[in-house]
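One structure below.
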Amino acid sequence: MEKDEIDQYQRHFCLDGFGQENQLKLKNSSVLVIGAGGLGCPVLQYLSAAGVGRIGIVDHDNIHITNLHRQVLFSHDDIGKNKAQIAAEKLSRLNPFILLETHPVELTNLNCDSLFKSYDVIIDGTDNFSSRYLINDACVLFKKPLVHGSIHRFEGMVSVFNFNDGPTFRCLFPDQPDPESIPTCAEAGVLGVLPGIIGSMQGLETIKIITGIGTPLSGEVLLYDALNQSMQKVKLSPDPANKNIKVLPDTTRSCSSLPSNAQKPGRIQEISEEELQDMMLRFKDLQILDVREHWERELMSIQPSIHLPLGEISSTGNGLSQLEINPKKKLVIYCKAGVRSRVACQSLQEFGFLKLYNLSNGIDGWAFTFPDQTTQAD
């Protein structure tokens, strides 16, 4: 190692039970991180700082303003740029002694082989079951240990799969759930600090696998509750049948690959103020409906928008005939705080509207975020 490199890892060298031998193991290792989002950011930061010699980053998604409350590797200056490439640029300044390889592509069953084969450990930082099953099955097929992390609202999970004949992800969840039964990231939400905690644990498990220190979470699933600051471990036994992987599954849905305002026909999508602004810029034929009362609209409104109080929609739907609304085009609905508009969305589903978007925080959120774009009464 170079002198500056030795200086950078000095605290590892003086750590009893770690030392230069394990630091060299890190230097000579390679890790592939799939997903440079909420989980991927802390994983990448800590493994880069720790001195993992070669790190691959797979992510075809671009940075959005809604990412920034949890993906702390990025800043406002990075919005619109590819996550993998920006992550590599910043991490190279954190540690110039490692090799960072970017793969700004979507992971599919067609490119798993070429991506996985040259890395020692695979880390799953994705946000959907479709990708998780694909990554798991590829790790089994190509004999790679998998460090898994996942989060949901205020809870997280960490485990190590396919390590030394241990259980796989399918031993925990044998069958992939229907994607439509799982809420999207935008719908469920996530506490910003949570992926930092879970991602850091994934980084720790990766270092343990590479160096041999401690006991990796193979055969155990660690469950973390952020609200109660509590953890518990659940034992997991391997099922030999889950090692019999012959064909890789296809990916069907990803929060990262879909823009947060994308949806399938008939599905109500929750959107933020920033996402509405983005839609207003991108879609010239976007329809916006205000379902508050007349007196509320007189105080302030989002323009351009049309108006029909909720009561005239949810009762019989007759009021809709007065408005020039195309049920096949995108329709954003807002109220004061997102509750009445959600009810309106559910009612409009029954009348054949296919592309419904609910402004989650209503005009209160819009006025706070974009006060200059809110039309207010004199």
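For the structure tokens, the naming scheme is as follows: chains receive sequential letters (A, B, ...) according to their order of presentation, residues are indexed from 1 within each chain, and ligands are indexed from 1 in presentation order.
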- Residues near Val332 in chain A, cut-off 9 Å, only C-alpha atoms, skip fewer than 6 positions along chain, as a ChimeraX atom specification: /A:271,276,286-290,345,355-359
Mind running range 15-60 of chain A against range 74-84 of chain A at 7 Å and telling me each contacting residue's nearest atom pair with the distance in Å (one decimal), counting only C-alpha atoms, chain and number ascending, as a Markdown table?
| residue | atom | partner | partner_atom | distance |
| --- | --- | --- | --- | --- |
| A:Ala36 | CA | A:Lys83 | CA | 6.1 |
| A:Ile57 | CA | A:Ala84 | CA | 5.6 |
| A:Val58 | CA | A:Ala84 | CA | 6.3 |
| A:Asp59 | CA | A:Ala84 | CA | 5.4 |
| A:His60 | CA | A:Asn82 | CA | 6.6 |
Keeping only N, CA and C atoms, write those residues as a PDB file, in the first residue's frame.
ATOM      1  N   ALA A  36     -28.206   2.548  -6.377  1.00  0.00           N
ATOM      2  CA  ALA A  36     -27.465   3.625  -5.699  1.00  0.00           C
ATOM      3  C   ALA A  36     -28.442   4.600  -5.066  1.00  0.00           C
ATOM      4  N   ILE A  57     -21.185  -0.244  -9.520  1.00  0.00           N
ATOM      5  CA  ILE A  57     -22.440   0.425  -9.164  1.00  0.00           C
ATOM      6  C   ILE A  57     -23.413   0.265 -10.319  1.00  0.00           C
ATOM      7  N   VAL A  58     -24.527  -0.403 -10.063  1.00  0.00           N
ATOM      8  CA  VAL A  58     -25.561  -0.620 -11.084  1.00  0.00           C
ATOM      9  C   VAL A  58     -26.770   0.243 -10.755  1.00  0.00           C
ATOM     10  N   ASP A  59     -27.074   1.199 -11.612  1.00  0.00           N
ATOM     11  CA  ASP A  59     -28.298   1.996 -11.453  1.00  0.00           C
ATOM     12  C   ASP A  59     -28.506   2.820 -12.711  1.00  0.00           C
ATOM     13  N   HIS A  60     -29.632   2.634 -13.365  1.00  0.00           N
ATOM     14  CA  HIS A  60     -29.922   3.385 -14.587  1.00  0.00           C
ATOM     15  C   HIS A  60     -30.779   4.614 -14.310  1.00  0.00           C
TER      16      HIS A  60
END
Counting only C-alpha atoms, what are the residues of range 155-225 of chain A within 12 Å of range 49-55 of chain A, and for each of them which pair of atoms is the nearest and at what distance in Å, to one decimal? Sort the table by chain and rising number, as a Markdown table.
| residue | atom | partner | partner_atom | distance |
| --- | --- | --- | --- | --- |
| A:Ser200 | CA | A:Ala50 | CA | 11.9 |
| A:Gly203 | CA | A:Ala50 | CA | 9.4 |
| A:Leu204 | CA | A:Ala50 | CA | 10.0 |
| A:Thr206 | CA | A:Val52 | CA | 9.8 |
| A:Ile207 | CA | A:Ala50 | CA | 8.5 |
| A:Lys208 | CA | A:Ala50 | CA | 11.9 |
| A:Ile210 | CA | A:Val52 | CA | 9.2 |
| A:Thr211 | CA | A:Val52 | CA | 10.6 |
- Got a sec: who's within 10 Å of Asp285 in chain A, counting only C-alpha atoms, leaving out chain neighbours fewer than 3 positions off, as an MDAnalysis selection string? chainID A and resid 279:280 282 288 326 329:331
Write to file, as a PDB file, in the first residue's frame, the residues of the selection just made, with C-alpha atoms.
ATOM      1  CA  MET A 279     -45.835  16.897 -14.707  1.00  0.00           C
ATOM      2  CA  MET A 280     -47.124  20.406 -15.492  1.00  0.00           C
ATOM      3  CA  ARG A 282     -43.818  17.781 -19.211  1.00  0.00           C
ATOM      4  CA  ILE A 288     -55.932  19.377 -12.799  1.00  0.00           C
ATOM      5  CA  ASN A 326     -61.049  13.330 -20.756  1.00  0.00           C
ATOM      6  CA  LYS A 329     -55.857  11.448 -19.993  1.00  0.00           C
ATOM      7  CA  LYS A 330     -53.875  12.192 -16.840  1.00  0.00           C
ATOM      8  CA  LEU A 331     -55.966  13.849 -14.145  1.00  0.00           C
TER       9      LEU A 331
END
From a backbone DSSP assignment, name each residue in range 170-361 of chain A labelled strand (DSSP E or B), as a tab-separated table (two decimals) with N, CA and C atoms, in the first residue's frame.
chain	number	residue	atom	x	y	z
A	190	VAL	N	-41.09	6.60	3.36
A	190	VAL	CA	-40.02	6.00	4.15
A	190	VAL	C	-39.37	7.09	4.99
A	218	SER	N	-26.01	-15.00	8.14
A	218	SER	CA	-26.48	-16.09	7.31
A	218	SER	C	-27.30	-17.03	8.18
A	220	GLU	N	-30.00	-16.05	9.55
A	220	GLU	CA	-30.71	-15.16	10.46
A	220	GLU	C	-31.20	-13.93	9.69
A	221	VAL	N	-32.33	-13.44	10.08
A	221	VAL	CA	-32.88	-12.20	9.52
A	221	VAL	C	-32.99	-11.20	10.65
A	222	LEU	N	-32.32	-10.07	10.52
A	222	LEU	CA	-32.39	-9.02	11.53
A	222	LEU	C	-33.50	-8.05	11.16
A	223	LEU	N	-34.44	-7.87	12.07
A	223	LEU	CA	-35.57	-6.95	11.86
A	223	LEU	C	-35.37	-5.72	12.74
A	224	TYR	N	-35.51	-4.55	12.16
A	224	TYR	CA	-35.26	-3.31	12.88
A	224	TYR	C	-36.50	-2.42	12.85
A	225	ASP	N	-36.90	-1.93	14.02
A	225	ASP	CA	-38.03	-1.02	14.16
A	225	ASP	C	-37.50	0.32	14.61
A	230	SER	N	-35.77	-0.83	18.25
A	230	SER	CA	-35.64	-2.21	18.69
A	230	SER	C	-35.21	-3.11	17.54
A	231	MET	N	-34.54	-4.21	17.89
A	231	MET	CA	-34.11	-5.19	16.91
A	231	MET	C	-34.48	-6.58	17.40
A	232	GLN	N	-34.72	-7.47	16.46
A	232	GLN	CA	-34.88	-8.87	16.79
A	232	GLN	C	-34.36	-9.71	15.65
A	233	LYS	N	-33.88	-10.91	15.97
A	233	LYS	CA	-33.37	-11.82	14.97
A	233	LYS	C	-34.32	-13.00	14.83
A	234	VAL	N	-34.55	-13.39	13.58
A	234	VAL	CA	-35.39	-14.54	13.29
A	234	VAL	C	-34.53	-15.58	12.59
A	235	LYS	N	-34.57	-16.81	13.08
A	235	LYS	CA	-33.80	-17.89	12.48
A	235	LYS	C	-34.42	-18.29	11.14
A	268	ILE	N	-54.56	4.56	-8.54
A	268	ILE	CA	-54.42	5.91	-8.00
A	268	ILE	C	-52.99	6.10	-7.53
A	269	GLN	N	-52.35	7.15	-8.02
A	269	GLN	CA	-50.96	7.41	-7.67
A	269	GLN	C	-50.84	8.65	-6.79
A	270	GLU	N	-50.18	8.51	-5.66
A	270	GLU	CA	-49.91	9.66	-4.81
A	270	GLU	C	-48.70	10.41	-5.36
A	271	ILE	N	-48.78	11.73	-5.45
A	271	ILE	CA	-47.67	12.53	-5.95
A	271	ILE	C	-47.39	13.70	-5.01
A	287	GLN	N	-54.54	17.47	-16.93
A	287	GLN	CA	-55.78	17.99	-16.36
A	287	GLN	C	-55.63	18.06	-14.83
A	288	ILE	N	-56.03	19.19	-14.25
A	288	ILE	CA	-55.93	19.38	-12.80
A	288	ILE	C	-57.31	19.78	-12.28
A	289	LEU	N	-57.79	19.04	-11.28
A	289	LEU	CA	-59.13	19.26	-10.74
A	289	LEU	C	-59.07	19.62	-9.26
A	290	ASP	N	-59.71	20.71	-8.91
A	290	ASP	CA	-59.82	21.18	-7.52
A	290	ASP	C	-61.18	20.73	-6.97
A	300	MET	N	-57.36	30.73	-2.54
A	300	MET	CA	-56.18	30.45	-3.35
A	300	MET	C	-56.42	29.18	-4.15
A	301	SER	N	-55.63	29.03	-5.21
A	301	SER	CA	-55.81	27.87	-6.09
A	301	SER	C	-54.53	27.62	-6.87
A	302	ILE	N	-54.48	26.45	-7.50
A	302	ILE	CA	-53.41	26.10	-8.42
A	302	ILE	C	-53.92	26.35	-9.82
A	306	ILE	N	-59.37	23.18	-13.05
A	306	ILE	CA	-60.83	23.28	-13.11
A	306	ILE	C	-61.38	22.96	-11.73
A	307	HIS	N	-62.65	23.25	-11.50
A	307	HIS	CA	-63.20	23.15	-10.15
A	307	HIS	C	-64.52	22.40	-10.13
A	331	LEU	N	-55.17	12.92	-14.93
A	331	LEU	CA	-55.97	13.85	-14.15
A	331	LEU	C	-55.40	13.92	-12.73
A	332	VAL	N	-54.93	15.10	-12.34
A	332	VAL	CA	-54.43	15.34	-10.99
A	332	VAL	C	-55.55	16.00	-10.18
A	333	ILE	N	-55.80	15.49	-8.99
A	333	ILE	CA	-56.86	16.02	-8.15
A	333	ILE	C	-56.25	16.54	-6.85
A	334	TYR	N	-56.71	17.72	-6.43
A	334	TYR	CA	-56.20	18.26	-5.17
A	334	TYR	C	-57.33	18.85	-4.33
A	356	LEU	N	-55.28	8.48	-12.66
A	356	LEU	CA	-55.61	9.38	-11.56
A	356	LEU	C	-54.40	9.61	-10.65
A	357	TYR	N	-54.19	10.87	-10.30
A	357	TYR	CA	-53.07	11.26	-9.44
A	357	TYR	C	-53.62	12.12	-8.30
A	358	ASN	N	-53.28	11.76	-7.08
A	358	ASN	CA	-53.72	12.51	-5.91
A	358	ASN	C	-52.56	13.34	-5.37
A	359	LEU	N	-52.74	14.65	-5.24
A	359	LEU	CA	-51.72	15.52	-4.66
A	359	LEU	C	-51.73	15.29	-3.15
- Task: Calculate how many Å separate CA of Asn242 in chain A from CA of Lys144 in chain A, rounding to one decimal.
- Result: 14.5 Å
List every residue of range 2-79 of chain A that has an atom at most 12 Å from any atom of range 133-137 of chain A, giving for each one its closest atom pair and the distance in Å to one decimal, counting only C-alpha atoms, sorted by chain and then by ascending residue number, as JSON lines.
{"residue": "A:Leu32", "atom": "CA", "partner": "A:Ile135", "partner_atom": "CA", "distance": 11.2}
{"residue": "A:Val33", "atom": "CA", "partner": "A:Ile135", "partner_atom": "CA", "distance": 10.9}
{"residue": "A:Ile34", "atom": "CA", "partner": "A:Ile135", "partner_atom": "CA", "distance": 8.7}
{"residue": "A:Gly35", "atom": "CA", "partner": "A:Ile135", "partner_atom": "CA", "distance": 11.3}
{"residue": "A:Val58", "atom": "CA", "partner": "A:Ile135", "partner_atom": "CA", "distance": 11.9}
For the residues in that selection, give me N, CA and C atoms as a PDB file, in the first residue's frame.
ATOM      1  N   LEU A  32     -20.296  -5.729  -5.960  1.00  0.00           N
ATOM      2  CA  LEU A  32     -21.247  -5.122  -6.883  1.00  0.00           C
ATOM      3  C   LEU A  32     -22.459  -4.650  -6.098  1.00  0.00           C
ATOM      4  N   VAL A  33     -22.712  -3.344  -6.123  1.00  0.00           N
ATOM      5  CA  VAL A  33     -23.853  -2.757  -5.429  1.00  0.00           C
ATOM      6  C   VAL A  33     -24.940  -2.458  -6.454  1.00  0.00           C
ATOM      7  N   ILE A  34     -26.081  -3.093  -6.294  1.00  0.00           N
ATOM      8  CA  ILE A  34     -27.179  -2.911  -7.240  1.00  0.00           C
ATOM      9  C   ILE A  34     -28.178  -1.942  -6.621  1.00  0.00           C
ATOM     10  N   GLY A  35     -28.228  -0.750  -7.182  1.00  0.00           N
ATOM     11  CA  GLY A  35     -29.074   0.305  -6.651  1.00  0.00           C
ATOM     12  C   GLY A  35     -28.257   1.317  -5.874  1.00  0.00           C
ATOM     13  N   VAL A  58     -24.527  -0.403 -10.063  1.00  0.00           N
ATOM     14  CA  VAL A  58     -25.561  -0.620 -11.084  1.00  0.00           C
ATOM     15  C   VAL A  58     -26.770   0.243 -10.755  1.00  0.00           C
TER      16      VAL A  58
END
- Message: For Pro195 in chain A, find every residue with an atom within 9 Å (counting only C-alpha atoms), except residues of its own chain fewer than 2 positions away, and show them as a VMD selection string.
- Response: chain A and resid 37 to 42 70 to 71 149 to 151 156 190 to 193 197 to 200
Kindly save the residues from that selection, with N, CA and C atoms included, as a PDB file, in the first residue's frame.
ATOM      1  N   GLY A  37     -29.475   4.050  -4.422  1.00  0.00           N
ATOM      2  CA  GLY A  37     -30.510   4.882  -3.813  1.00  0.00           C
ATOM      3  C   GLY A  37     -30.349   4.977  -2.309  1.00  0.00           C
ATOM      4  N   GLY A  38     -31.471   4.863  -1.594  1.00  0.00           N
ATOM      5  CA  GLY A  38     -31.450   5.031  -0.151  1.00  0.00           C
ATOM      6  C   GLY A  38     -30.530   4.053   0.553  1.00  0.00           C
ATOM      7  N   LEU A  39     -30.554   2.782   0.170  1.00  0.00           N
ATOM      8  CA  LEU A  39     -29.670   1.775   0.753  1.00  0.00           C
ATOM      9  C   LEU A  39     -28.281   1.828   0.125  1.00  0.00           C
ATOM     10  N   GLY A  40     -28.244   2.017  -1.172  1.00  0.00           N
ATOM     11  CA  GLY A  40     -26.965   2.001  -1.883  1.00  0.00           C
ATOM     12  C   GLY A  40     -26.027   3.112  -1.458  1.00  0.00           C
ATOM     13  N   CYS A  41     -26.573   4.289  -1.157  1.00  0.00           N
ATOM     14  CA  CYS A  41     -25.705   5.419  -0.792  1.00  0.00           C
ATOM     15  C   CYS A  41     -24.843   5.130   0.431  1.00  0.00           C
ATOM     16  N   PRO A  42     -25.418   4.721   1.579  1.00  0.00           N
ATOM     17  CA  PRO A  42     -24.554   4.423   2.722  1.00  0.00           C
ATOM     18  C   PRO A  42     -23.653   3.227   2.507  1.00  0.00           C
ATOM     19  N   ARG A  70     -33.175  11.130   1.757  1.00  0.00           N
ATOM     20  CA  ARG A  70     -32.584   9.892   2.253  1.00  0.00           C
ATOM     21  C   ARG A  70     -31.316   9.484   1.497  1.00  0.00           C
ATOM     22  N   GLN A  71     -31.134   9.939   0.275  1.00  0.00           N
ATOM     23  CA  GLN A  71     -29.965   9.565  -0.534  1.00  0.00           C
ATOM     24  C   GLN A  71     -28.919  10.669  -0.397  1.00  0.00           C
ATOM     25  N   GLY A 149     -30.793  -6.014   1.973  1.00  0.00           N
ATOM     26  CA  GLY A 149     -31.405  -5.038   2.862  1.00  0.00           C
ATOM     27  C   GLY A 149     -32.703  -4.555   2.235  1.00  0.00           C
ATOM     28  N   SER A 150     -33.688  -4.286   3.061  1.00  0.00           N
ATOM     29  CA  SER A 150     -34.949  -3.739   2.555  1.00  0.00           C
ATOM     30  C   SER A 150     -35.580  -2.883   3.636  1.00  0.00           C
ATOM     31  N   ILE A 151     -36.381  -1.924   3.220  1.00  0.00           N
ATOM     32  CA  ILE A 151     -37.006  -0.981   4.142  1.00  0.00           C
ATOM     33  C   ILE A 151     -38.465  -0.771   3.750  1.00  0.00           C
ATOM     34  N   GLY A 156     -37.003  -1.954   8.869  1.00  0.00           N
ATOM     35  CA  GLY A 156     -36.009  -2.442   7.933  1.00  0.00           C
ATOM     36  C   GLY A 156     -35.619  -3.878   8.230  1.00  0.00           C
ATOM     37  N   VAL A 190     -41.091   6.595   3.359  1.00  0.00           N
ATOM     38  CA  VAL A 190     -40.019   5.998   4.152  1.00  0.00           C
ATOM     39  C   VAL A 190     -39.372   7.088   4.992  1.00  0.00           C
ATOM     40  N   LEU A 191     -39.058   6.764   6.246  1.00  0.00           N
ATOM     41  CA  LEU A 191     -38.349   7.690   7.113  1.00  0.00           C
ATOM     42  C   LEU A 191     -36.935   7.875   6.580  1.00  0.00           C
ATOM     43  N   GLY A 192     -36.527   9.124   6.350  1.00  0.00           N
ATOM     44  CA  GLY A 192     -35.289   9.402   5.643  1.00  0.00           C
ATOM     45  C   GLY A 192     -34.051   8.762   6.235  1.00  0.00           C
ATOM     46  N   VAL A 193     -33.949   8.700   7.548  1.00  0.00           N
ATOM     47  CA  VAL A 193     -32.741   8.172   8.180  1.00  0.00           C
ATOM     48  C   VAL A 193     -32.689   6.643   8.141  1.00  0.00           C
ATOM     49  N   ILE A 197     -29.445   3.614   8.196  1.00  0.00           N
ATOM     50  CA  ILE A 197     -29.169   2.601   9.223  1.00  0.00           C
ATOM     51  C   ILE A 197     -29.039   1.219   8.604  1.00  0.00           C
ATOM     52  N   ILE A 198     -30.024   0.848   7.784  1.00  0.00           N
ATOM     53  CA  ILE A 198     -30.023  -0.488   7.177  1.00  0.00           C
ATOM     54  C   ILE A 198     -28.868  -0.631   6.187  1.00  0.00           C
ATOM     55  N   GLY A 199     -28.614   0.404   5.389  1.00  0.00           N
ATOM     56  CA  GLY A 199     -27.505   0.351   4.436  1.00  0.00           C
ATOM     57  C   GLY A 199     -26.166   0.211   5.127  1.00  0.00           C
ATOM     58  N   SER A 200     -25.992   0.873   6.266  1.00  0.00           N
ATOM     59  CA  SER A 200     -24.743   0.738   7.020  1.00  0.00           C
ATOM     60  C   SER A 200     -24.575  -0.690   7.535  1.00  0.00           C
TER      61      SER A 200
END
